[in-house]
$ cat query.txt   # compact mmCIF, C-alpha atoms
# COMPACT_ATOMS: atom_id res chain seq x y z
CA MET A 97 218.42 138.40 16.84
CA ARG A 98 218.45 135.23 18.91
CA LEU A 99 214.65 135.34 19.06
CA ILE A 100 214.20 135.15 15.27
CA PRO A 101 214.45 131.32 15.04
CA VAL A 102 212.02 131.01 17.94
CA ILE A 103 209.54 133.38 16.30
CA CYS A 104 209.84 131.49 13.01
CA LEU A 105 209.21 128.20 14.80
CA VAL A 106 206.13 129.61 16.49
CA LEU A 107 204.80 130.90 13.18
CA LEU A 108 205.41 127.59 11.46
CA CYS A 109 203.62 125.68 14.21
CA SER A 110 200.67 128.03 14.40
CA PRO A 111 197.41 126.82 12.94
CA THR A 112 196.49 128.21 9.57
CA ARG A 113 194.12 131.18 9.83
CA PRO A 114 190.48 130.40 8.98
CA ASP A 115 190.52 132.76 6.02
CA GLU A 116 193.48 130.88 4.58
CA LEU A 117 191.63 127.58 4.48
CA PRO A 118 189.87 126.28 1.39
CA ASP A 119 186.10 126.30 1.05
CA TRP A 120 184.97 122.70 1.43
CA SER A 121 181.52 123.68 2.66
CA GLY A 122 178.32 122.07 1.50
CA VAL A 123 177.41 118.47 0.88
CA TRP A 124 179.43 116.15 -1.31
CA GLN A 125 178.97 112.83 -3.02
CA ARG A 126 181.51 110.26 -4.12
CA VAL A 127 182.42 110.24 -7.81
CA GLU A 128 183.80 106.72 -8.13
CA GLY A 129 180.94 104.25 -7.86
CA ASN A 130 181.09 100.54 -8.64
CA ALA A 131 178.87 99.97 -5.60
CA GLY A 132 181.68 100.98 -3.30
CA MET A 133 184.68 99.21 -4.81
CA PHE A 134 187.54 100.88 -3.00
CA ASP A 135 190.16 101.01 -5.76
CA VAL A 136 188.18 101.51 -8.91
CA SER A 137 191.34 101.98 -11.01
CA THR A 138 192.33 98.32 -10.58
CA THR A 139 188.82 96.85 -10.48
CA VAL A 140 188.20 93.97 -12.88
CA PRO A 141 185.96 94.12 -14.78
CA PRO A 142 186.19 97.93 -14.83
CA ASP A 143 182.46 98.36 -14.29
CA GLY A 144 182.27 95.56 -11.73
CA ARG A 145 180.25 96.18 -8.62
CA ALA A 146 181.43 95.33 -5.14
CA GLY A 147 179.67 92.20 -3.96
CA SER A 148 179.11 90.77 -7.42
CA PRO A 149 180.72 87.39 -8.02
CA GLY A 150 184.05 87.58 -9.82
CA VAL A 151 184.58 91.29 -9.25
CA ARG A 152 187.88 92.16 -7.59
CA GLN A 153 190.63 94.75 -7.45
CA HIS A 154 194.37 94.30 -7.69
CA PRO A 155 196.39 95.95 -4.94
CA PRO A 156 200.00 94.78 -4.58
CA LEU A 157 199.11 92.02 -2.14
CA THR A 158 201.46 89.63 -0.39
CA ASP A 159 200.87 85.96 -1.14
CA GLU A 160 199.26 85.48 2.26
CA TRP A 161 196.81 88.33 1.77
CA GLU A 162 196.09 87.37 -1.82
CA ALA A 163 195.02 83.98 -0.47
CA LYS A 164 192.83 85.67 2.16
CA TYR A 165 191.29 87.88 -0.48
CA ARG A 166 190.55 84.90 -2.73
CA ALA A 167 188.92 83.09 0.17
CA ASN A 168 186.68 86.08 0.75
CA LEU A 169 185.94 86.33 -2.98
CA ASP A 170 184.76 82.72 -2.79
CA LEU A 171 182.44 83.70 0.07
CA VAL A 172 181.16 86.62 -2.01
CA ALA A 173 180.40 84.25 -4.87
CA ARG A 174 178.25 82.19 -2.49
CA ASP A 175 176.75 85.30 -0.86
CA ARG A 176 178.26 84.33 2.46
CA LEU A 177 180.61 87.24 3.13
CA PRO A 178 179.14 89.21 6.01
CA ASP A 179 179.79 92.92 5.63
CA PRO A 180 180.34 94.38 9.12
CA ILE A 181 178.35 97.53 8.30
CA SER A 182 175.31 95.40 7.42
CA ARG A 183 174.87 94.75 11.14
CA CYS A 184 173.91 98.42 11.56
CA GLY A 185 175.86 100.58 13.96
CA THR A 186 179.27 99.26 12.98
CA PRO A 187 181.37 101.96 11.30
CA ALA A 188 182.86 101.38 7.89
CA GLY A 189 186.06 102.84 9.29
CA PHE A 190 188.92 104.55 7.51
CA PRO A 191 189.81 104.40 4.65
CA ARG A 192 186.64 102.60 3.46
CA MET A 193 184.58 105.58 4.61
CA LEU A 194 185.83 107.46 1.55
CA ALA A 195 183.91 105.04 -0.70
CA LEU A 196 180.42 105.05 0.76
CA PRO A 197 177.07 105.89 -0.82
CA ASP A 198 174.94 108.84 0.35
CA VAL A 199 176.68 112.13 1.12
CA TYR A 200 179.67 113.65 2.90
CA GLU A 201 180.47 116.81 4.81
CA PHE A 202 184.00 118.16 5.19
CA ILE A 203 184.25 120.61 8.07
CA VAL A 204 187.47 122.58 8.09
CA ARG A 205 188.94 124.48 11.02
CA PRO A 206 192.55 125.54 11.50
CA GLU A 207 193.07 123.09 14.33
CA GLN A 208 190.98 120.19 13.04
CA THR A 209 189.08 118.82 10.06
CA TRP A 210 186.11 116.50 10.36
CA ILE A 211 184.94 114.14 7.63
CA ILE A 212 181.37 113.09 8.32
CA THR A 213 179.60 110.43 6.29
CA GLU A 214 175.83 110.39 6.13
CA ASN A 215 176.01 106.62 5.71
CA GLY A 216 177.39 106.16 9.16
CA PRO A 217 178.34 106.06 11.83
CA ASN A 218 181.66 107.48 10.62
CA ILE A 219 183.45 110.63 11.73
CA LEU A 220 187.11 111.04 10.84
CA ARG A 221 188.83 113.58 13.07
CA ILE A 222 192.02 114.98 11.59
CA TYR A 223 194.01 117.05 14.05
CA THR A 224 196.06 119.86 12.52
CA ASP A 225 197.00 121.66 15.73
CA GLY A 226 200.58 120.45 15.73
CA ARG A 227 200.06 117.37 17.86
CA LYS A 228 201.71 114.05 17.10
CA HIS A 229 200.21 110.57 17.17
CA PRO A 230 199.89 109.33 20.76
CA PRO A 231 202.64 107.08 22.08
CA PRO A 232 202.07 103.33 21.60
CA SER A 233 200.92 103.00 25.21
CA ASP A 234 198.02 105.37 24.47
CA LEU A 235 197.04 103.96 21.12
CA TRP A 236 194.79 101.05 20.24
CA PRO A 237 193.12 100.01 17.00
CA THR A 238 189.85 101.78 16.26
CA PHE A 239 187.61 101.95 13.23
CA THR A 240 188.87 105.34 12.08
CA GLY A 241 192.31 105.18 13.69
CA ASP A 242 194.29 108.25 14.70
CA SER A 243 194.83 111.05 12.18
CA VAL A 244 197.18 113.98 12.50
CA GLY A 245 198.25 116.34 9.76
CA TRP A 246 198.91 119.85 8.58
CA TRP A 247 197.98 122.31 5.89
CA ASN A 248 200.41 122.68 3.03
CA GLY A 249 198.87 125.71 1.40
CA GLN A 250 195.44 124.60 0.25
CA VAL A 251 196.31 120.91 0.63
CA LEU A 252 195.37 118.96 3.73
CA GLU A 253 197.97 116.32 4.40
CA PHE A 254 197.50 113.78 7.15
CA THR A 255 198.61 110.37 8.32
CA THR A 256 196.30 107.79 9.82
CA VAL A 257 197.46 104.93 12.03
CA ALA A 258 195.92 102.43 14.44
CA MET A 259 193.05 101.29 12.25
CA ILE A 260 191.30 98.13 13.34
CA GLY A 261 191.80 96.34 10.04
CA GLU A 262 190.56 92.86 9.24
CA ALA A 263 189.30 92.22 12.75
CA GLN A 264 186.13 94.21 12.13
CA THR A 265 186.34 95.98 8.79
CA VAL A 266 186.55 95.34 5.07
CA LEU A 267 187.51 97.88 2.43
CA ASP A 268 184.48 96.99 0.35
CA ARG A 269 182.05 94.20 -0.26
CA SER A 270 184.51 92.30 -2.46
CA GLY A 271 186.09 91.24 0.83
CA LEU A 272 189.42 93.05 0.67
CA THR A 273 190.94 93.79 4.07
CA LEU A 274 193.96 95.50 5.60
CA SER A 275 195.73 94.58 8.83
CA ASP A 276 195.93 96.69 11.97
CA GLN A 277 199.51 97.53 10.95
CA ALA A 278 198.38 99.69 8.04
CA THR A 279 199.18 103.38 7.73
CA VAL A 280 197.53 105.75 5.30
CA GLU A 281 199.07 109.00 4.07
CA THR A 282 196.40 111.21 2.55
CA LYS A 283 196.43 114.47 0.62
CA MET A 284 193.14 116.25 0.01
CA TYR A 285 192.61 119.30 -2.14
CA LEU A 286 190.21 120.95 -4.56
CA THR A 287 190.96 120.32 -8.21
CA ASP A 288 190.69 122.98 -10.87
CA GLY A 289 187.44 121.33 -11.89
CA GLY A 290 185.95 121.78 -8.43
CA LEU A 291 186.19 118.20 -7.30
CA LEU A 292 187.58 117.34 -3.90
CA ARG A 293 190.38 114.87 -4.53
CA ALA A 294 191.83 112.46 -1.98
CA GLU A 295 195.14 110.82 -2.80
CA LEU A 296 195.95 107.92 -0.54
CA VAL A 297 199.21 106.07 -0.08
CA ILE A 298 198.52 102.91 1.86
CA LYS A 299 201.33 100.95 3.47
CA ASP A 300 200.87 97.70 5.33
CA PRO A 301 203.82 95.38 6.05
CA LEU A 302 201.54 92.36 6.39
CA VAL A 303 199.26 92.99 3.43
CA LEU A 304 201.15 94.90 0.75
CA THR A 305 204.41 94.28 -1.08
CA GLU A 306 204.73 97.97 -1.91
CA PRO A 307 202.75 101.18 -1.30
CA TRP A 308 199.26 101.11 -2.75
CA TYR A 309 198.09 104.32 -4.40
CA VAL A 310 194.36 104.95 -4.41
CA THR A 311 192.56 108.10 -5.52
CA ARG A 312 188.99 109.04 -4.67
CA HIS A 313 187.00 112.12 -5.72
CA PHE A 314 183.94 113.90 -4.39
CA ARG A 315 181.52 116.17 -6.24
CA ARG A 316 179.80 119.08 -4.50
CA MET A 317 176.03 118.80 -4.59
CA PRO A 318 173.72 121.73 -5.39
CA PRO A 319 173.49 124.50 -2.77
CA GLY A 320 170.92 123.77 -0.12
CA THR A 321 171.35 120.01 -0.27
CA LYS A 322 170.92 118.56 3.19
CA ALA A 323 172.46 115.60 4.92
CA TYR A 324 170.24 113.52 7.18
CA ASP A 325 170.70 111.09 9.99
CA TYR A 326 171.00 107.51 8.89
CA ALA A 327 169.86 105.38 11.84
CA CYS A 328 170.56 102.06 10.18
CA ALA A 329 168.86 100.15 13.00
CA GLU A 330 165.59 102.05 12.49
CA ASN A 331 164.09 99.28 10.37
CA ASN A 332 166.76 96.74 9.53
CA ARG A 333 164.83 93.87 7.96
CA ASN A 334 167.96 92.12 6.74
CA PRO A 335 169.68 90.32 9.62
CA ILE A 336 172.72 88.18 8.87
CA THR A 337 173.01 84.59 10.01
CA GLY A 338 176.09 83.03 11.55
CA THR A 339 176.96 81.60 8.16
CA GLY A 340 176.86 85.03 6.54
CA GLN A 341 173.51 84.68 4.81
CA THR A 342 171.52 87.88 4.52
CA LEU A 343 167.88 87.20 5.38
CA THR A 344 164.76 89.16 4.58
CA LEU A 345 162.08 89.73 7.21
CA ASP A 346 158.43 90.59 6.75
CA THR A 347 156.74 93.46 8.58
CA ASP A 348 156.17 91.25 11.62
CA GLY A 349 159.79 90.16 11.80
CA ARG A 350 159.25 86.70 10.36
CA VAL A 351 161.82 85.34 7.91
CA ILE A 352 160.55 85.47 4.33
CA ASP A 353 163.35 83.40 2.78
CA LYS A 354 162.42 79.85 1.84
CA VAL A 355 165.98 78.58 1.94
CA ILE A 356 168.05 79.20 5.03
CA GLU A 357 171.49 77.66 5.25
CA ASN A 358 172.08 75.66 8.41
CA GLU A 359 174.45 77.34 10.81
CA MET B 103 145.32 92.38 -11.33
CA ASN B 104 146.43 88.95 -12.26
CA ARG B 105 149.16 89.52 -14.77
CA ASN B 106 152.30 88.66 -13.00
CA ALA B 107 154.77 88.60 -15.84
CA CYS B 108 158.26 87.27 -15.53
CA LEU B 109 159.93 88.98 -18.44
CA CYS B 110 163.43 87.57 -18.06
CA LEU B 111 165.01 90.27 -20.19
CA LEU B 112 168.75 89.97 -19.98
CA LEU B 113 169.59 93.33 -21.47
CA LEU B 114 167.40 95.45 -19.27
CA PHE B 115 167.55 96.07 -15.54
CA LEU B 116 170.53 93.81 -15.05
CA THR B 117 171.94 96.02 -12.37
CA PRO B 118 170.28 96.35 -8.99
CA VAL B 119 168.87 99.83 -8.69
CA VAL B 120 169.93 100.35 -5.11
CA VAL B 121 173.27 100.54 -3.39
CA ALA B 122 172.54 98.73 -0.22
CA HIS B 123 173.89 98.52 3.26
CA HIS B 124 173.79 94.76 2.78
CA SER B 125 174.24 92.19 0.04
CA PHE B 126 171.47 92.13 -2.53
CA ALA B 127 172.54 88.72 -3.81
CA MET B 128 169.25 87.20 -2.69
CA PHE B 129 167.64 89.00 -5.62
CA ASP B 130 167.97 87.69 -9.15
CA SER B 131 169.40 90.70 -10.94
CA ASP B 132 169.16 88.86 -14.28
CA ARG B 133 165.37 88.89 -14.19
CA PHE B 134 162.62 91.31 -13.38
CA VAL B 135 158.97 90.95 -12.68
CA GLU B 136 156.30 93.47 -13.61
CA THR B 137 152.97 93.22 -11.90
CA GLU B 138 149.98 95.25 -10.85
CA ALA B 139 149.69 95.65 -7.13
CA THR B 140 147.88 97.50 -4.40
CA VAL B 141 150.04 99.29 -1.87
CA VAL B 142 149.47 98.08 1.66
CA GLU B 143 152.13 100.12 3.43
CA PHE B 144 155.11 102.28 2.57
CA GLN B 145 157.88 102.13 5.15
CA TRP B 146 159.89 105.35 4.80
CA THR B 147 162.79 104.10 6.86
CA ASN B 148 166.51 103.49 6.98
CA PRO B 149 168.54 101.61 6.08
CA HIS B 150 166.04 100.94 3.29
CA VAL B 151 162.51 101.83 2.33
CA TRP B 152 159.99 99.03 1.89
CA ILE B 153 156.89 98.92 -0.26
CA GLU B 154 154.42 96.37 1.03
CA ILE B 155 152.10 95.36 -1.80
CA MET B 156 149.22 92.98 -2.29
CA VAL B 157 149.43 90.91 -5.46
CA THR B 158 146.83 88.50 -6.78
CA ASP B 159 148.39 85.40 -8.29
CA ASP B 160 147.21 83.07 -11.05
CA THR B 161 144.92 81.22 -8.65
CA GLU B 162 143.21 84.45 -7.64
CA THR B 163 144.92 84.30 -4.27
CA ALA B 164 146.06 87.60 -2.83
CA ASN B 165 149.54 87.57 -1.28
CA GLN B 166 151.55 90.29 0.40
CA TRP B 167 154.96 90.97 -1.05
CA SER B 168 157.78 93.04 0.43
CA ILE B 169 159.67 95.14 -2.10
CA GLU B 170 162.94 96.58 -0.84
CA GLY B 171 164.26 99.92 -2.05
CA GLY B 172 167.27 102.07 -1.26
CA GLY B 173 168.05 104.37 1.64
CA LYS B 174 165.53 107.14 2.15
CA ASN B 175 168.12 109.93 2.33
CA THR B 176 169.42 109.34 -1.17
CA LEU B 177 165.95 108.51 -2.46
CA PHE B 178 164.67 111.84 -1.12
CA ARG B 179 167.37 113.66 -3.05
CA SER B 180 166.27 111.86 -6.21
CA GLY B 181 162.63 112.84 -5.84
CA TRP B 182 161.07 110.33 -3.49
CA ARG B 183 158.94 111.56 -0.60
CA PRO B 184 157.44 109.91 2.50
CA ASN B 185 154.07 109.82 0.70
CA THR B 186 155.34 108.61 -2.66
CA PHE B 187 153.30 105.47 -2.08
CA GLU B 188 150.02 105.61 -0.15
CA PRO B 189 148.03 102.65 1.14
CA GLY B 190 145.41 101.76 -1.45
CA ASP B 191 147.41 103.04 -4.42
CA VAL B 192 147.08 100.74 -7.40
CA ILE B 193 150.38 100.71 -9.21
CA SER B 194 152.44 98.82 -11.72
CA ILE B 195 155.72 97.79 -10.16
CA ARG B 196 158.89 96.17 -11.40
CA TYR B 197 161.32 94.33 -9.15
CA HIS B 198 164.05 91.74 -9.14
CA PRO B 199 162.54 88.55 -7.67
CA MET B 200 164.14 86.50 -4.95
CA HIS B 201 166.18 83.54 -6.16
CA ASP B 202 164.22 81.21 -3.89
CA GLY B 203 160.82 82.44 -5.07
CA SER B 204 159.77 83.88 -1.75
CA HIS B 205 157.49 86.89 -1.59
CA ALA B 206 160.03 89.70 -1.72
CA GLY B 207 161.93 91.63 -4.33
CA GLY B 208 164.40 94.40 -5.06
CA PHE B 209 162.69 97.55 -6.32
CA ILE B 210 163.35 98.72 -9.86
CA GLY B 211 160.55 101.12 -10.71
CA ALA B 212 156.85 101.87 -10.45
CA ARG B 213 154.19 103.52 -12.56
CA PHE B 214 151.17 105.29 -11.14
CA PRO B 215 147.68 105.48 -12.68
CA ASP B 216 148.37 109.00 -13.98
CA GLY B 217 151.28 107.64 -16.00
CA SER B 218 153.99 109.14 -13.82
CA THR B 219 156.83 106.86 -12.83
CA ILE B 220 159.51 106.60 -10.19
CA GLY B 221 162.72 104.64 -10.23
CA ARG B 222 163.77 103.01 -13.49
CA TRP B 223 160.89 102.46 -15.82
CA ASP B 224 161.40 103.82 -19.30
CA GLU B 225 164.76 102.25 -20.02

$ encode --input "query.txt" --output "structure tokens"
Amino acid sequence: MRLIPVICLVLLCSPTRPDELPDWSGVWQRVEGNAGMFDVSTTVPPDGRAGSPGVRQHPPLTDEWEAKYRANLDLVARDRLPDPISRCGTPAGFPRMLALPDVYEFIVRPEQTWIITENGPNILRIYTDGRKHPPPSDLWPTFTGDSVGWWNGQVLEFTTVAMIGEAQTVLDRSGLTLSDQATVETKMYLTDGGLLRAELVIKDPLVLTEPWYVTRHFRRMPPGTKAYDYACAENNRNPITGTGQTLTLDTDGRVIDKVIENE
Amino acid sequence: MNRNACLCLLLLFLTPVVVAHHSFAMFDSDRFVETEATVVEFQWTNPHVWIEIMVTDDTETANQWSIEGGGKNTLFRSGWRPNTFEPGDVISIRYHPMHDGSHAGGFIGARFPDGSTIGRWDE
């Protein structure tokens, strides 16, 4: 009888069996568009596109971060906000990677789930093997952070910490950022309509006055749809100057633009 | 060849056709240009495809223009192929011009001699 609690504990900690996991196979595409606006539900105007002057979203920002966001919105209006991913090779990071163009793959195993974005490089590794986040001594900010979670029936629940934040990422081209103190609690599951839904609760003591709730959806593409490598540096003819101006190069690498802002 | 027409229609083609890995603010999304052109080269590459075209201007001078499209992966899934444009093809092409008037543009759509189109053309 004394072994029963131990057996129950072992069963509870065991990875879910493969045949108990949901079918997230295939290739998926984001549903919410707006050119990558992260929180479409609070985007103003509602059809506004990330990177267009005057388009913003309304998370519950602290005064300090509202001022930072407005400063970046001013840069957007002058086309001088450099997007880190435009440099090619820099990941969008988490959670922005849930709002990218091109396609997604969600690879589910009992011990781990991988979210792979075609528009990369981005791979989110979500460990569901019972491990905890590493201790602070073994943790440093990275683009995708550290994600651990579990399966609650057909729902993948995970927490992400140690994201690099404003140092090298933005949430979208409107210039919104988080700090490296952010945590994201995510639930992902298939809806009755066949969409893959991600519910995010974002907390950040520096950026947010209260939890920020963001929902993203993905639609499965027709069977047989392939994902390809992206190789952003293959032919990047749009370098960015030190002042954030995006240039255009001709086929010989010469700058086409007639007006180049002094750096 | 020489009918470079700046149509300046505010109700059509206001939105850039591509979702880019970089800002497309250098292009004037409030205007589009339609012109006849001869394809010089089609760069089927990431992060974006490029259509190099030769356009003859009002002074009968031929200039090369660089027209930037979207990423090839998503374009492939919407019907584009590596040989969608071949050197020597004579096409009609629509693009958002650069604000500063330089010889580049953001692709909107193209029509081929057989009447087929790609991108946004019939809107």

$ atom_distance --input "query.txt" --atom1 "CA of Lys299 (chain A)" --atom2 "CA of Asp268 (chain A)"
17.6 Å

$ closest_atom_pairs --input "query.txt" --of "chain A" --to "chain B" --cutoff "7 Å" --atoms "all atoms listed in the file" --output "JSON lines"
{"residue": "A:Ala131", "atom": "CA", "partner": "B:Val121", "partner_atom": "CA", "distance": 6.0}
{"residue": "A:Gly147", "atom": "CA", "partner": "B:Ser125", "partner_atom": "CA", "distance": 6.7}
{"residue": "A:Asp175", "atom": "CA", "partner": "B:Ala127", "partner_atom": "CA", "distance": 6.2}
{"residue": "A:Asp179", "atom": "CA", "partner": "B:His124", "partner_atom": "CA", "distance": 6.9}
{"residue": "A:Ile181", "atom": "CA", "partner": "B:His123", "partner_atom": "CA", "distance": 6.8}
{"residue": "A:Ser182", "atom": "CA", "partner": "B:His124", "partner_atom": "CA", "distance": 4.9}
{"residue": "A:Asp198", "atom": "CA", "partner": "B:Thr176", "partner_atom": "CA", "distance": 5.7}
{"residue": "A:Tyr324", "atom": "CA", "partner": "B:Asn175", "partner_atom": "CA", "distance": 6.4}
{"residue": "A:Tyr326", "atom": "CA", "partner": "B:Asn148", "partner_atom": "CA", "distance": 6.3}
{"residue": "A:Ala327", "atom": "CA", "partner": "B:Asn148", "partner_atom": "CA", "distance": 6.2}
{"residue": "A:Cys328", "atom": "CA", "partner": "B:Pro149", "partner_atom": "CA", "distance": 4.6}
{"residue": "A:Glu330", "atom": "CA", "partner": "B:Asn148", "partner_atom": "CA", "distance": 5.8}
{"residue": "A:Asn331", "atom": "CA", "partner": "B:Asn148", "partner_atom": "CA", "distance": 5.9}
{"residue": "A:Asn332", "atom": "CA", "partner": "B:Pro149", "partner_atom": "CA", "distance": 6.2}
{"residue": "A:Thr342", "atom": "CA", "partner": "B:Ser125", "partner_atom": "CA", "distance": 6.8}
{"residue": "A:Asp346", "atom": "CA", "partner": "B:Ser168", "partner_atom": "CA", "distance": 6.8}
{"residue": "A:Ile352", "atom": "CA", "partner": "B:Ser204", "partner_atom": "CA", "distance": 6.3}
{"residue": "A:Asp353", "atom": "CA", "partner": "B:Ser204", "partner_atom": "CA", "distance": 5.8}
{"residue": "A:Lys354", "atom": "CA", "partner": "B:Ser204", "partner_atom": "CA", "distance": 6.0}
{"residue": "A:Val355", "atom": "CA", "partner": "B:Asp202", "partner_atom": "CA", "distance": 6.6}

$ write_last_selection --input "query.txt" --atoms "C-alpha atoms" --output "CSV table (one decimal), in the coordinates of the input"
chain,number,residue,atom,x,y,z
A,131,ALA,CA,178.9,100.0,-5.6
A,147,GLY,CA,179.7,92.2,-4.0
A,175,ASP,CA,176.8,85.3,-0.9
A,179,ASP,CA,179.8,92.9,5.6
A,181,ILE,CA,178.4,97.5,8.3
A,182,SER,CA,175.3,95.4,7.4
A,198,ASP,CA,174.9,108.8,0.4
A,324,TYR,CA,170.2,113.5,7.2
A,326,TYR,CA,171.0,107.5,8.9
A,327,ALA,CA,169.9,105.4,11.8
A,328,CYS,CA,170.6,102.1,10.2
A,330,GLU,CA,165.6,102.0,12.5
A,331,ASN,CA,164.1,99.3,10.4
A,332,ASN,CA,166.8,96.7,9.5
A,342,THR,CA,171.5,87.9,4.5
A,346,ASP,CA,158.4,90.6,6.8
A,352,ILE,CA,160.6,85.5,4.3
A,353,ASP,CA,163.4,83.4,2.8
A,354,LYS,CA,162.4,79.8,1.8
A,355,VAL,CA,166.0,78.6,1.9

$ atom_distance --input "query.txt" --atom1 "CA of Ala329 (chain A)" --atom2 "CA of Cys184 (chain A)"
5.5 Å

$ atom_distance --input "query.txt" --atom1 "CA of His154 (chain A)" --atom2 "CA of Glu128 (chain A)"
16.3 Å

$ residues_around --input "query.txt" --residues "Gln208 (chain A)" --least-positions-apart "5" --cutoff "10 Å" --atoms "all atoms listed in the file" --output "short mmCIF file (atom, residue, chain, number, x, y, z; two decimals) with C-alpha atoms, keeping the file's coordinate frame"
data_model
loop_
_atom_site.label_atom_id
_atom_site.label_comp_id
_atom_site.auth_asym_id
_atom_site.auth_seq_id
_atom_site.Cartn_x
_atom_site.Cartn_y
_atom_site.Cartn_z
CA PRO A 111 197.41 126.82 12.94
CA ILE A 203 184.25 120.61 8.07
CA ARG A 221 188.83 113.58 13.07
CA ILE A 222 192.02 114.98 11.59
CA TYR A 223 194.01 117.05 14.05
CA THR A 224 196.06 119.86 12.52
CA ASP A 225 197.00 121.66 15.73
CA GLY A 226 200.58 120.45 15.73
CA SER A 243 194.83 111.05 12.18
CA VAL A 244 197.18 113.98 12.50
CA GLY A 245 198.25 116.34 9.76
CA TRP A 246 198.91 119.85 8.58
#

$ closest_residue --input "query.txt" --among "B:Ile169, B:Ala212, B:Val142, B:Ile220" --to "Ile193 (chain B)" --atoms "only C-alpha atoms"
B:Ala212

$ residues_around --input "query.txt" --residues "region 185-194 of chain A" --least-positions-apart "2" --cutoff "9 Å" --atoms "only C-alpha atoms" --output "PyMOL selection string"
chain A and resi 126+132+134+180-183+196+200+212-213+215-220+238-241+256+259-261+264-268+280+294+296+312-314+327-329

$ write_last_selection --input "query.txt" --atoms "C-alpha atoms" --output "PDB file, in the frame of the given file"
ATOM      1  CA  ARG A 126     181.510 110.260  -4.120  1.00  0.00           C
ATOM      2  CA  GLY A 132     181.680 100.980  -3.300  1.00  0.00           C
ATOM      3  CA  PHE A 134     187.540 100.880  -3.000  1.00  0.00           C
ATOM      4  CA  PRO A 180     180.340  94.380   9.120  1.00  0.00           C
ATOM      5  CA  ILE A 181     178.350  97.530   8.300  1.00  0.00           C
ATOM      6  CA  SER A 182     175.310  95.400   7.420  1.00  0.00           C
ATOM      7  CA  ARG A 183     174.870  94.750  11.140  1.00  0.00           C
ATOM      8  CA  LEU A 196     180.420 105.050   0.760  1.00  0.00           C
ATOM      9  CA  TYR A 200     179.670 113.650   2.900  1.00  0.00           C
ATOM     10  CA  ILE A 212     181.370 113.090   8.320  1.00  0.00           C
ATOM     11  CA  THR A 213     179.600 110.430   6.290  1.00  0.00           C
ATOM     12  CA  ASN A 215     176.010 106.620   5.710  1.00  0.00           C
ATOM     13  CA  GLY A 216     177.390 106.160   9.160  1.00  0.00           C
ATOM     14  CA  PRO A 217     178.340 106.060  11.830  1.00  0.00           C
ATOM     15  CA  ASN A 218     181.660 107.480  10.620  1.00  0.00           C
ATOM     16  CA  ILE A 219     183.450 110.630  11.730  1.00  0.00           C
ATOM     17  CA  LEU A 220     187.110 111.040  10.840  1.00  0.00           C
ATOM     18  CA  THR A 238     189.850 101.780  16.260  1.00  0.00           C
ATOM     19  CA  PHE A 239     187.610 101.950  13.230  1.00  0.00           C
ATOM     20  CA  THR A 240     188.870 105.340  12.080  1.00  0.00           C
ATOM     21  CA  GLY A 241     192.310 105.180  13.690  1.00  0.00           C
ATOM     22  CA  THR A 256     196.300 107.790   9.820  1.00  0.00           C
ATOM     23  CA  MET A 259     193.050 101.290  12.250  1.00  0.00           C
ATOM     24  CA  ILE A 260     191.300  98.130  13.340  1.00  0.00           C
ATOM     25  CA  GLY A 261     191.800  96.340  10.040  1.00  0.00           C
ATOM     26  CA  GLN A 264     186.130  94.210  12.130  1.00  0.00           C
ATOM     27  CA  THR A 265     186.340  95.980   8.790  1.00  0.00           C
ATOM     28  CA  VAL A 266     186.550  95.340   5.070  1.00  0.00           C
ATOM     29  CA  LEU A 267     187.510  97.880   2.430  1.00  0.00           C
ATOM     30  CA  ASP A 268     184.480  96.990   0.350  1.00  0.00           C
ATOM     31  CA  VAL A 280     197.530 105.750   5.300  1.00  0.00           C
ATOM     32  CA  ALA A 294     191.830 112.460  -1.980  1.00  0.00           C
ATOM     33  CA  LEU A 296     195.950 107.920  -0.540  1.00  0.00           C
ATOM     34  CA  ARG A 312     188.990 109.040  -4.670  1.00  0.00           C
ATOM     35  CA  HIS A 313     187.000 112.120  -5.720  1.00  0.00           C
ATOM     36  CA  PHE A 314     183.940 113.900  -4.390  1.00  0.00           C
ATOM     37  CA  ALA A 327     169.860 105.380  11.840  1.00  0.00           C
ATOM     38  CA  CYS A 328     170.560 102.060  10.180  1.00  0.00           C
ATOM     39  CA  ALA A 329     168.860 100.150  13.000  1.00  0.00           C
TER      40      ALA A 329
END

$ closest_residue --input "query.txt" --among "A:Arg333, A:Lys164, A:Arg316, A:Arg113" --to "Leu302 (chain A)" --atoms "all atoms listed in the file"
A:Lys164

$ closest_residue --input "query.txt" --among "A:His229, A:Arg350, A:Lys283, A:Arg269" --to "Trp247 (chain A)" --atoms "only C-alpha atoms"
A:Lys283

$ closest_residue --input "query.txt" --among "A:Arg315, A:Leu235, A:Gly249, A:Arg205" --to "Thr287 (chain A)" --atoms "only C-alpha atoms"
A:Arg315

$ axis_aligned_box --input "query.txt" --around "region 179-183 of chain B" --padding-each-side "4 Å" --output "AutoDock Vina command-line options"
--center_x 163.2 --center_y 112.0 --center_z -3.4 --size_x 16.4 --size_y 11.3 --size_z 13.6

$ residues_around --input "query.txt" --residues "Pro318 (chain A)" --least-positions-apart "6" --cutoff "10 Å" --atoms "all atoms listed in the file" --output "list in words"
Gly122, Val123 and Trp124 of chain A

$ closest_residue --input "query.txt" --among "A:Tyr165, A:Tyr309, A:Trp236, A:Trp210" --to "Val257 (chain A)" --atoms "only C-alpha atoms"
A:Trp236

$ residues_around --input "query.txt" --residues "Gly271 (chain A)" --least-positions-apart "6" --cutoff "10 Å" --atoms "only C-alpha atoms" --output "VMD selection string"
chain A and resid 133 146 to 147 152 164 to 172 177 to 179 262 265
